[in-house]
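**Q** I'd like to ask some things about the structure below.
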Amino acid sequence: MSALPNQFLPNVQESTELCESVTSTRTTSLMGYRIGTDIGGTCTDSTVMDESGRVTIGKDLTTYPDFSQGIFDSLSDATGNMEVGLEELLGDTDLFLHATSVGENALFEREGAETGLLTTAGFEETLHATRGGYGRWSGLPFEQVKDIINSDKPDPLIPRTRVEGLSERAYRDQVVEELDDQEVLEAVDGLVEDGVESVATCLLWSFRSPAHERRVKDLLAEHYPDLYVSVSSDVSPTMGEYERTSTTVLNAYLGPTAEEYLTNLQTTLTEYGFDGLLLLMFSHGGLVTRQDAIERPVGLMESGPVGGLLGSQFVANRRGVDNIISTDMGGTTFKVGVIDDNRIEYADEPMVGRHHYQFPKRDIHSIAVAGGSIISLEEGTNVPQVGPESAGSDPGPACYGRGGDRPTVTDVDLVQGYFAPEYFLGGGKEMDADRAYEVFDEQVAGPLGKSTEEAAADIYKLINSIIADLLRETTVEKGIDPRKFTLVAIGGAAGMHAASYARELDIPEVLVPHTASVNSALGLLSTDVTHEHLDVKGMEPPFGVDEVNEVFGDLSATAREKLASEGFDAEEIRLERSISMRYQRQVHELLTPVEAAGQLTQADIDATVDRFEELYEQRYGEGSAFKEGGIEMTEFRVRGVGPLTTPDLKEHPVSESNPTRARLGSKEMHFEAAGGRVDASLYDFEELTPGDEITEPGVILTPVTTIVVNPGDVARMDRYKNIRIGIEEGNDE
C-alpha cells in the first residue's frame, strides 16, 4: 500500500467555490485531488478537495440499482464548478473516500447471499431464539411494542435448515473437545448442495479460543475457495452468544454483495483513469481499505450517517463548539447523534432491520421521518401517519414532477410556503406545486375535512413533534441537558424544520453548515484511517496495574502493526484506549475512556473507574452509582488512528449587516409563532455576506437546501458562511 501520510496530505490554502475556505493543518503537500462521496437513500453527495485546498461540492439523485451512476452524476455536478472534467479529475485523484448504504439496501430488500451457519452442536437455535421475548419487540416503534399480539421476531436471515452443529467445544481458554475436520467438510457439503454461497461460523468461546474457527476458515479456503467465509473471531470477538452469532451471519449475508459492489466500483474508477487508493467509511467513524470492507462489510452499516456526524463535529469545532446535537434530515430517514464535550459515544446495542449486531458503531438513532416520508391516514381512525414508507428518489415527492402520486413531508413544506419553485436548488430543478396541492388535498386534507393549508400546518407540527420526541430520548432521557448544546442541522430537508424542533427542547442555537446537504461527504474528508482492536477479559477489583498494561500492550502492538503495514510512521500513529465496565451482577456496560497516556499507574486506573461512575450517574441518574456493589472490567479496546490532513476552515471578513441586497421578494408562508400565514421574505444565500442578520420571518434559499427563519428567531451568516439561528433571540431584545 502507498504510504498514506506522505502521499495524500494536502497543503490547503485557497478559498472554495461552493464550500468553505480552508487552510492546512499539516505541511505535507497533496499530489492530487481527494474525493469524498456518500450514497444516501435519495441523493448521492460528493466533495472534491484539490491540491491547493479548494473544496467543491456536488449532488445528484441516487440511482438504483446501479449506484455508481449516481456517484459519477454527483461528481459531474461538482466538476461543473471546476476547471476540470470528470475523467481528468479522477485521473488526478489520489484518495477516493466512500460511504455507502449498499449493505442496508441488501438487507432491507432481502437481496443478500444465500447463507449457512456453522455453530457448536447443541446451540443451533441461538440465532432464531434471539433474546427470547425481548426479540419480539426490540427495534419496533413504541406503538407497535404495545401491540403484543401482533408483534413478533424479525424474519431470520437464514432458515433453520441451513444451520449445522459441529461436535467441538471450548470453555474460556481451554479446548474441551477437538474439532473434527471431516465433520466440518460434510456439513459444508450439505450446505453447498442446498445452494449456500456464503458461510458464517460462530463457535462457543471463540472470542477467547479462536483456534477451531481459524481451522474451519482454513479448511473452507482449501476445499471451497469460491465460498465467502466469515468467522466470529474475526468479525466480532466479543461476549454475547446471540449477538456474536447475529453479527457473523449478517456479515456473511452481506459479504458477497459488498465484494461485488466494491470490486465493480474499483473497476469503474480504474476505467475512468483513477489509480489512487479507495478507502471506505466504517460505522466506528474511521476509514478502512477496500479489503477490510470486503472482509467485514457489517462495518459499512450506517457509515454515511456517521460521516454526517463527523462532518457536524468538524464544522462546529471550528467555531469552538464541542457540545453538539447533530440532526440529519435527508430523503428517507432522520438521524440524530450527540457529541458531549467533543466525545461521541458508541452504540450500546447496534441494530439494523431489527437484527442485533455487535460491532463498534458510533451512537446514532434514526426514524423514518424525512423529506420523502409519505403522509397517510390510518385506516379506520384517520389519524395522520408520517412514514415509515418513503417515496425515495424515484418517483420522489409529488412536487418533484417525477410521477409521485402520494403526499410527502417535502410536499407539506411546499404547501407551508417554504419553497420558491422558481429558485428550487438554485433554479436547476423544476417543482410541480399544483401536483403537490392536488395529492395532499385528495389524500389528507379532504378526508380530514380541513383546508389544504390548515391540514399542512397540522402535519408540519406533527413532524416536528415526532422529531422532538426522538431528541428527548437521546438527550434528556440519558441525563443530557439539550439547553447547553448547539443543534447542527444537516441534510437537504433539515433546514426547513430544525428551528421548530429545536424550539420544543429550548435549544438556544441552530447551526446550518454551508455544506449542510453534503455534510456526510464532508465528514469523509475530516476523518482518519482507523481500526478498532479489542480483547474480552474479565477483571474484578483490586485491578492489577501490570495485568491491565499487559492487555493494552498487546492490543496497542496489534494496532501499530496494522497501521504501519498501511504506511504510517510510528511517531504519527495515535492510540485511544477505553475499558468497558459494569457493576457486578448487572448486564449494562459503559465504555469508559482511559484519558492517561503511556503505561498506566494505579492512579490512572482509579481515575478511569471514577470516570465510569460519573458516566453511570449521567446515564442512570444522580445517586445510581454504587461502588460498594463492586465494579468489574469486561472488555479492553484500543482504537488505532492513522491521521490524514483535514481542511481547516478559513475565516472570512465580517462586515456590517445589510441583508437587503440578498432579498428576492416575498410570499405567503405559514408560521405557528405568527398564528397562521403571513407575508414573509425570500433571501438568496449566495448574496448574503458574513455579518448579515435576518430578524424577520422568511426563508434563506441556498443552491442545495432551504432554511426557515421563524418569527422571533435571528439568523446570521458567520465568518465561515454558516447560518446561525438564535432561537427566540429576537423575542428577548
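Residue numbering restarts at 1 for every chain of the C-alpha cells, chains are lettered A, B, ... in their displayed order, and ligands are numbered from 1 as they appear.
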Counting only C-alpha atoms, what is within 6 Å of region 247-255 of chain A, bar same-chain residues fewer than 5 positions away, as a ChimeraX atom specification?

**A** /A:112-113,115,198,200,230,232,297-298,357-358

**Q** Convert the current residue selection to file output with N, CA, C and O atoms, as an mmCIF file, in the first residue's frame.

**A**
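Below is the file that was written, part.cif:
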```
data_model
loop_
_atom_site.group_PDB
_atom_site.id
_atom_site.type_symbol
_atom_site.label_atom_id
_atom_site.label_comp_id
_atom_site.auth_asym_id
_atom_site.auth_seq_id
_atom_site.Cartn_x
_atom_site.Cartn_y
_atom_site.Cartn_z
ATOM 1 N N GLY A 112 -29.424 -10.288 -0.051
ATOM 2 C CA GLY A 112 -28.100 -10.746 0.329
ATOM 3 C C GLY A 112 -27.833 -12.150 -0.175
ATOM 4 O O GLY A 112 -28.640 -12.758 -0.885
ATOM 5 N N ALA A 113 -26.688 -12.700 0.204
ATOM 6 C CA ALA A 113 -26.273 -14.017 -0.272
ATOM 7 C C ALA A 113 -27.055 -15.140 0.415
ATOM 8 O O ALA A 113 -27.555 -14.987 1.531
ATOM 9 N N THR A 115 -27.031 -17.952 2.621
ATOM 10 C CA THR A 115 -26.052 -18.097 3.702
ATOM 11 C C THR A 115 -26.360 -19.297 4.575
ATOM 12 O O THR A 115 -27.520 -19.616 4.841
ATOM 13 N N SER A 198 -22.374 -18.484 0.925
ATOM 14 C CA SER A 198 -21.636 -17.793 1.971
ATOM 15 C C SER A 198 -21.855 -18.536 3.277
ATOM 16 O O SER A 198 -22.974 -18.963 3.569
ATOM 17 N N ALA A 200 -21.212 -18.558 7.513
ATOM 18 C CA ALA A 200 -20.839 -17.915 8.771
ATOM 19 C C ALA A 200 -20.488 -19.002 9.780
ATOM 20 O O ALA A 200 -21.125 -20.060 9.814
ATOM 21 N N SER A 230 -17.069 -16.167 6.774
ATOM 22 C CA SER A 230 -16.999 -15.176 7.843
ATOM 23 C C SER A 230 -16.978 -15.905 9.170
ATOM 24 O O SER A 230 -17.862 -16.725 9.447
ATOM 25 N N SER A 232 -16.617 -15.562 13.513
ATOM 26 C CA SER A 232 -16.915 -14.568 14.543
ATOM 27 C C SER A 232 -15.668 -14.017 15.214
ATOM 28 O O SER A 232 -15.652 -12.867 15.653
ATOM 29 N N PRO A 297 -18.037 -6.346 5.999
ATOM 30 C CA PRO A 297 -18.990 -5.359 5.463
ATOM 31 C C PRO A 297 -20.023 -4.889 6.475
ATOM 32 O O PRO A 297 -20.678 -3.875 6.251
ATOM 33 N N VAL A 298 -20.169 -5.608 7.598
ATOM 34 C CA VAL A 298 -21.096 -5.146 8.625
ATOM 35 C C VAL A 298 -20.679 -3.763 9.122
ATOM 36 O O VAL A 298 -21.507 -2.974 9.585
ATOM 37 N N TYR A 357 -26.525 -6.489 16.085
ATOM 38 C CA TYR A 357 -25.159 -6.859 15.716
ATOM 39 C C TYR A 357 -24.202 -6.199 16.695
ATOM 40 O O TYR A 357 -24.548 -5.215 17.357
ATOM 41 N N GLN A 358 -23.029 -6.758 16.817
ATOM 42 C CA GLN A 358 -22.077 -6.317 17.820
ATOM 43 C C GLN A 358 -20.789 -5.929 17.113
ATOM 44 O O GLN A 358 -19.910 -6.753 16.868
#
```

**Q** If you count only C-alpha atoms, which residues fall within 12 Å of region 66-73 of chain A, apart from same-chain ones fewer than 4 positions away, as a PDB file with N, CA and C atoms, in the first residue's frame?

**A**
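Output (selection.pdb):
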```pdb
ATOM      1  N   ILE A  35     -11.344  12.976  -2.970  1.00  0.00           N
ATOM      2  CA  ILE A  35     -12.786  12.977  -3.210  1.00  0.00           C
ATOM      3  C   ILE A  35     -13.487  12.235  -2.082  1.00  0.00           C
ATOM      4  N   GLY A  36     -14.587  12.800  -1.601  1.00  0.00           N
ATOM      5  CA  GLY A  36     -15.453  12.113  -0.650  1.00  0.00           C
ATOM      6  C   GLY A  36     -16.837  11.953  -1.255  1.00  0.00           C
ATOM      7  N   THR A  37     -17.386  10.748  -1.242  1.00  0.00           N
ATOM      8  CA  THR A  37     -18.718  10.511  -1.802  1.00  0.00           C
ATOM      9  C   THR A  37     -19.546   9.688  -0.822  1.00  0.00           C
ATOM     10  N   ASP A  38     -20.826  10.031  -0.747  1.00  0.00           N
ATOM     11  CA  ASP A  38     -21.749   9.327   0.146  1.00  0.00           C
ATOM     12  C   ASP A  38     -23.034   9.022  -0.603  1.00  0.00           C
ATOM     13  N   ILE A  39     -23.419   7.739  -0.622  1.00  0.00           N
ATOM     14  CA  ILE A  39     -24.662   7.320  -1.257  1.00  0.00           C
ATOM     15  C   ILE A  39     -25.758   7.292  -0.199  1.00  0.00           C
ATOM     16  N   GLY A  40     -26.724   8.184  -0.316  1.00  0.00           N
ATOM     17  CA  GLY A  40     -27.859   8.204   0.585  1.00  0.00           C
ATOM     18  C   GLY A  40     -29.069   7.553  -0.050  1.00  0.00           C
ATOM     19  N   GLY A  41     -30.150   7.500   0.699  1.00  0.00           N
ATOM     20  CA  GLY A  41     -31.356   6.861   0.196  1.00  0.00           C
ATOM     21  C   GLY A  41     -31.974   7.601  -0.967  1.00  0.00           C
ATOM     22  N   THR A  42     -31.814   8.927  -1.003  1.00  0.00           N
ATOM     23  CA  THR A  42     -32.399   9.734  -2.063  1.00  0.00           C
ATOM     24  C   THR A  42     -31.354  10.364  -2.957  1.00  0.00           C
ATOM     25  N   CYS A  43     -30.315  10.929  -2.337  1.00  0.00           N
ATOM     26  CA  CYS A  43     -29.296  11.652  -3.103  1.00  0.00           C
ATOM     27  C   CYS A  43     -27.908  11.094  -2.828  1.00  0.00           C
ATOM     28  N   THR A  44     -27.034  11.271  -3.792  1.00  0.00           N
ATOM     29  CA  THR A  44     -25.623  10.937  -3.652  1.00  0.00           C
ATOM     30  C   THR A  44     -24.840  12.245  -3.625  1.00  0.00           C
ATOM     31  N   ASP A  45     -24.007  12.403  -2.597  1.00  0.00           N
ATOM     32  CA  ASP A  45     -23.292  13.651  -2.372  1.00  0.00           C
ATOM     33  C   ASP A  45     -21.804  13.462  -2.615  1.00  0.00           C
ATOM     34  N   SER A  46     -21.135  14.544  -3.007  1.00  0.00           N
ATOM     35  CA  SER A  46     -19.694  14.472  -3.215  1.00  0.00           C
ATOM     36  C   SER A  46     -19.035  15.770  -2.788  1.00  0.00           C
ATOM     37  N   THR A  47     -17.814  15.657  -2.307  1.00  0.00           N
ATOM     38  CA  THR A  47     -16.954  16.801  -2.034  1.00  0.00           C
ATOM     39  C   THR A  47     -15.612  16.520  -2.692  1.00  0.00           C
ATOM     40  N   GLY A  58     -20.855  18.558  -4.904  1.00  0.00           N
ATOM     41  CA  GLY A  58     -21.766  18.117  -5.953  1.00  0.00           C
ATOM     42  C   GLY A  58     -22.852  17.247  -5.374  1.00  0.00           C
ATOM     43  N   LYS A  59     -23.987  17.200  -6.055  1.00  0.00           N
ATOM     44  CA  LYS A  59     -25.131  16.446  -5.532  1.00  0.00           C
ATOM     45  C   LYS A  59     -26.011  16.036  -6.697  1.00  0.00           C
ATOM     46  N   ASP A  60     -26.499  14.794  -6.657  1.00  0.00           N
ATOM     47  CA  ASP A  60     -27.466  14.336  -7.643  1.00  0.00           C
ATOM     48  C   ASP A  60     -28.241  13.173  -7.040  1.00  0.00           C
ATOM     49  N   LEU A  61     -29.259  12.733  -7.751  1.00  0.00           N
ATOM     50  CA  LEU A  61     -30.106  11.667  -7.237  1.00  0.00           C
ATOM     51  C   LEU A  61     -29.370  10.338  -7.195  1.00  0.00           C
ATOM     52  N   THR A  62     -29.660   9.544  -6.161  1.00  0.00           N
ATOM     53  CA  THR A  62     -29.132   8.187  -6.073  1.00  0.00           C
ATOM     54  C   THR A  62     -29.793   7.335  -7.149  1.00  0.00           C
ATOM     55  N   ASP A  77     -21.660  16.950 -11.347  1.00  0.00           N
ATOM     56  CA  ASP A  77     -22.235  18.188 -10.846  1.00  0.00           C
ATOM     57  C   ASP A  77     -21.158  19.054 -10.194  1.00  0.00           C
ATOM     58  N   ALA A  78     -20.237  18.401  -9.465  1.00  0.00           N
ATOM     59  CA  ALA A  78     -19.141  19.146  -8.835  1.00  0.00           C
ATOM     60  C   ALA A  78     -18.200  19.737  -9.877  1.00  0.00           C
ATOM     61  N   THR A  79     -17.866  18.956 -10.897  1.00  0.00           N
ATOM     62  CA  THR A  79     -16.911  19.444 -11.898  1.00  0.00           C
ATOM     63  C   THR A  79     -17.491  20.577 -12.733  1.00  0.00           C
ATOM     64  N   GLY A  80     -18.814  20.730 -12.709  1.00  0.00           N
ATOM     65  CA  GLY A  80     -19.411  21.861 -13.399  1.00  0.00           C
ATOM     66  C   GLY A  80     -18.971  23.188 -12.824  1.00  0.00           C
ATOM     67  N   GLY A  85     -12.584  18.252 -16.162  1.00  0.00           N
ATOM     68  CA  GLY A  85     -13.626  17.301 -16.483  1.00  0.00           C
ATOM     69  C   GLY A  85     -13.582  16.103 -15.550  1.00  0.00           C
ATOM     70  N   LEU A  86     -14.611  15.229 -15.640  1.00  0.00           N
ATOM     71  CA  LEU A  86     -14.720  14.092 -14.731  1.00  0.00           C
ATOM     72  C   LEU A  86     -13.533  13.146 -14.852  1.00  0.00           C
ATOM     73  N   GLU A  87     -13.175  12.769 -16.077  1.00  0.00           N
ATOM     74  CA  GLU A  87     -12.077  11.820 -16.246  1.00  0.00           C
ATOM     75  C   GLU A  87     -10.751  12.426 -15.809  1.00  0.00           C
ATOM     76  N   LEU A  89     -10.417  14.691 -13.522  1.00  0.00           N
ATOM     77  CA  LEU A  89     -10.494  14.737 -12.069  1.00  0.00           C
ATOM     78  C   LEU A  89     -10.091  13.401 -11.459  1.00  0.00           C
ATOM     79  N   LEU A  90     -10.710  12.319 -11.934  1.00  0.00           N
ATOM     80  CA  LEU A  90     -10.416  11.003 -11.362  1.00  0.00           C
ATOM     81  C   LEU A  90      -8.996  10.553 -11.673  1.00  0.00           C
ATOM     82  N   PHE A  96      -9.867   8.335  -2.886  1.00  0.00           N
ATOM     83  CA  PHE A  96     -11.309   8.308  -3.125  1.00  0.00           C
ATOM     84  C   PHE A  96     -11.943   7.717  -1.879  1.00  0.00           C
ATOM     85  N   LEU A  97     -12.651   8.555  -1.107  1.00  0.00           N
ATOM     86  CA  LEU A  97     -13.246   8.159   0.167  1.00  0.00           C
ATOM     87  C   LEU A  97     -14.740   7.967  -0.032  1.00  0.00           C
ATOM     88  N   HIS A  98     -15.270   6.872   0.489  1.00  0.00           N
ATOM     89  CA  HIS A  98     -16.626   6.495   0.103  1.00  0.00           C
ATOM     90  C   HIS A  98     -17.415   5.949   1.290  1.00  0.00           C
ATOM     91  N   ALA A  99     -18.654   6.399   1.407  1.00  0.00           N
ATOM     92  CA  ALA A  99     -19.628   5.825   2.338  1.00  0.00           C
ATOM     93  C   ALA A  99     -20.811   5.349   1.519  1.00  0.00           C
ATOM     94  N   THR A 100     -21.357   4.203   1.869  1.00  0.00           N
ATOM     95  CA  THR A 100     -22.400   3.620   1.031  1.00  0.00           C
ATOM     96  C   THR A 100     -23.466   2.932   1.862  1.00  0.00           C
ATOM     97  N   SER A 101     -24.679   2.936   1.364  1.00  0.00           N
ATOM     98  CA  SER A 101     -25.794   2.241   2.008  1.00  0.00           C
ATOM     99  C   SER A 101     -26.084   0.903   1.327  1.00  0.00           C
ATOM    100  N   VAL A 102     -25.100   0.373   0.584  1.00  0.00           N
ATOM    101  CA  VAL A 102     -25.336  -0.873  -0.159  1.00  0.00           C
ATOM    102  C   VAL A 102     -25.694  -2.013   0.795  1.00  0.00           C
ATOM    103  N   ASN A 105     -29.376  -1.604   1.982  1.00  0.00           N
ATOM    104  CA  ASN A 105     -30.284  -1.916   0.879  1.00  0.00           C
ATOM    105  C   ASN A 105     -30.402  -3.423   0.659  1.00  0.00           C
ATOM    106  N   GLU A 260     -18.883  -7.695  -4.471  1.00  0.00           N
ATOM    107  CA  GLU A 260     -19.207  -7.396  -5.869  1.00  0.00           C
ATOM    108  C   GLU A 260     -19.294  -5.890  -6.098  1.00  0.00           C
ATOM    109  N   TYR A 261     -19.970  -5.203  -5.182  1.00  0.00           N
ATOM    110  CA  TYR A 261     -20.139  -3.755  -5.336  1.00  0.00           C
ATOM    111  C   TYR A 261     -18.800  -3.029  -5.314  1.00  0.00           C
ATOM    112  N   LEU A 262     -17.953  -3.335  -4.315  1.00  0.00           N
ATOM    113  CA  LEU A 262     -16.688  -2.629  -4.176  1.00  0.00           C
ATOM    114  C   LEU A 262     -15.705  -2.996  -5.290  1.00  0.00           C
ATOM    115  N   THR A 263     -15.774  -4.239  -5.751  1.00  0.00           N
ATOM    116  CA  THR A 263     -14.920  -4.643  -6.873  1.00  0.00           C
ATOM    117  C   THR A 263     -15.335  -3.912  -8.147  1.00  0.00           C
ATOM    118  N   ASN A 264     -16.646  -3.844  -8.382  1.00  0.00           N
ATOM    119  CA  ASN A 264     -17.137  -3.125  -9.564  1.00  0.00           C
ATOM    120  C   ASN A 264     -16.825  -1.637  -9.490  1.00  0.00           C
ATOM    121  N   LEU A 265     -16.951  -1.058  -8.272  1.00  0.00           N
ATOM    122  CA  LEU A 265     -16.639   0.355  -8.113  1.00  0.00           C
ATOM    123  C   LEU A 265     -15.172   0.613  -8.418  1.00  0.00           C
ATOM    124  N   GLN A 266     -14.306  -0.237  -7.886  1.00  0.00           N
ATOM    125  CA  GLN A 266     -12.881  -0.084  -8.160  1.00  0.00           C
ATOM    126  C   GLN A 266     -12.595  -0.210  -9.651  1.00  0.00           C
ATOM    127  N   THR A 267     -13.239  -1.181 -10.309  1.00  0.00           N
ATOM    128  CA  THR A 267     -13.031  -1.379 -11.750  1.00  0.00           C
ATOM    129  C   THR A 267     -13.493  -0.164 -12.538  1.00  0.00           C
ATOM    130  N   THR A 268     -14.671   0.356 -12.191  1.00  0.00           N
ATOM    131  CA  THR A 268     -15.206   1.510 -12.912  1.00  0.00           C
ATOM    132  C   THR A 268     -14.334   2.738 -12.700  1.00  0.00           C
ATOM    133  N   LEU A 269     -13.880   2.950 -11.466  1.00  0.00           N
ATOM    134  CA  LEU A 269     -12.988   4.068 -11.196  1.00  0.00           C
ATOM    135  C   LEU A 269     -11.701   3.946 -12.007  1.00  0.00           C
ATOM    136  N   TYR A 272     -12.079   4.999 -15.496  1.00  0.00           N
ATOM    137  CA  TYR A 272     -12.080   6.455 -15.624  1.00  0.00           C
ATOM    138  C   TYR A 272     -10.680   7.040 -15.452  1.00  0.00           C
ATOM    139  N   SER A 393     -36.056   8.578  -4.103  1.00  0.00           N
ATOM    140  CA  SER A 393     -35.684   9.482  -5.196  1.00  0.00           C
ATOM    141  C   SER A 393     -36.456   9.177  -6.464  1.00  0.00           C
ATOM    142  N   ALA A 521     -20.456  13.694   3.066  1.00  0.00           N
ATOM    143  CA  ALA A 521     -19.290  13.662   2.186  1.00  0.00           C
ATOM    144  C   ALA A 521     -18.173  14.530   2.746  1.00  0.00           C
TER     145      ALA A 521
END
```

**Q** Running DSSP on the backbone, which parts of region 190-327 of chain A land in alpha helix (DSSP H), as a PyMOL selection string?

**A** chain A and resi 190-193+211-223+232-235+241-271+290-295+303-317

**Q** In Å, rounded to a single decimal, give me how far CA of Ser578 (chain A) is from CA of Thr592 (chain A).

**A**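 According to the coordinates, CA of Thr592 (chain A) and CA of Ser578 (chain A) are separated by 5.4 Å.
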
**Q** With distances taken over only C-alpha atoms, which residue among A:Leu377, A:Leu157, A:Ala121, A:Val315 lies nearest His356 (chain A)?

**A** A:Leu157

**Q** Where does DSSP see strand (DSSP E or B) in region 243-435 of chain A, if you list the residues as JSON, numbers by chain?

**A** {"A": [277, 278, 279, 280, 281, 287, 288, 289, 324, 325, 326, 327, 328, 329, 334, 335, 336, 337, 338, 339, 340, 343, 344, 346, 351, 352, 355, 356, 362, 365, 366, 367, 373, 374, 375, 376, 377, 384, 385, 386, 387, 388, 389, 390, 408]}

**Q** Which residues are near Gln443 (chain A)? Cut-off 9 Å, only C-alpha atoms, ignore same chain within fewer than 6 positions. Put them as a VMD selection string.

**A** chain A and resid 375 to 377 406 to 407

**Q** Tell me which protein, DNA and RNA residues are within 12 Å of Gly640 (chain A), counting only C-alpha atoms, leaving out same-chain ones fewer than 3 positions away, and put them as a PyMOL selection string.

**A** chain A and resi 284-288+528-534+552+555-564+566+568+570+572-578+637+643

**Q** Give one line per residue of region 467-520 of chain A that approaches region 608-615 of chain A to at most 12 Å, naming the two atoms of the closest pair and their distance in Å to one decimal, counting only C-alpha atoms; sort by chain then ascending residue number and deliver it as a tab-separated table.

**A**
```
residue	atom	partner	partner_atom	distance
A:Lys478	CA	A:Leu615	CA	10.0
A:Gly479	CA	A:Leu615	CA	9.6
A:Ile480	CA	A:Leu615	CA	10.9
```

**Q** What separation in Å, quoted to one decimal, exists between CA of Ser246 (chain A) and CA of Gly103 (chain A)?

**A**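 Answer for the CA of Ser246 (chain A) to CA of Gly103 (chain A) separation: 15.0 Å.
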
**Q** Rank A:Thr257, A:Phe440, A:Phe274, A:Gly240 by their smallest atom-to-atom distance to Glu88 (chain A), using only C-alpha atoms, and report the top residue only.

**A**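 Closest candidate: A:Phe274.
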
**Q** Pick out the residues sitting within 10 Å of Leu591 (chain A), and hand them over as a ChimeraX atom specification; count only C-alpha atoms, and ignore anything fewer than 4 positions along from it in its own chain.

**A** /A:345-348,578-582,612,615,633-637

**Q** Quick one: of A:Ile344, A:Ala516, A:Ile374, A:Leu414, who's nearest to Ala436 (chain A), counting only C-alpha atoms?

**A**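 Closest candidate: A:Leu414.
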
**Q** I'd like the neighbourhood of region 233-237 of chain A as a list in words, where a residue qualifies if any of its atoms comes within 6 Å (using only C-alpha atoms), though same-chain residues fewer than 3 positions away should be ignored.

**A** Ser206, Phe207, Pro210 and Arg244 of chain A

**Q** Between CA of Asp226 (chain A) and CA of Glu164 (chain A), measure the distance and give it in Å to one decimal.

**A** 19.5 Å

**Q** Give me, as JSON, numbers by chain, all polymer residues having an atom no more than 9 Å from region 539-541 of chain A, counting only C-alpha atoms and skipping those fewer than 2 positions away in the same chain.

**A** {"A": [537, 543, 544, 548, 584, 630, 631, 632, 633, 634, 635]}
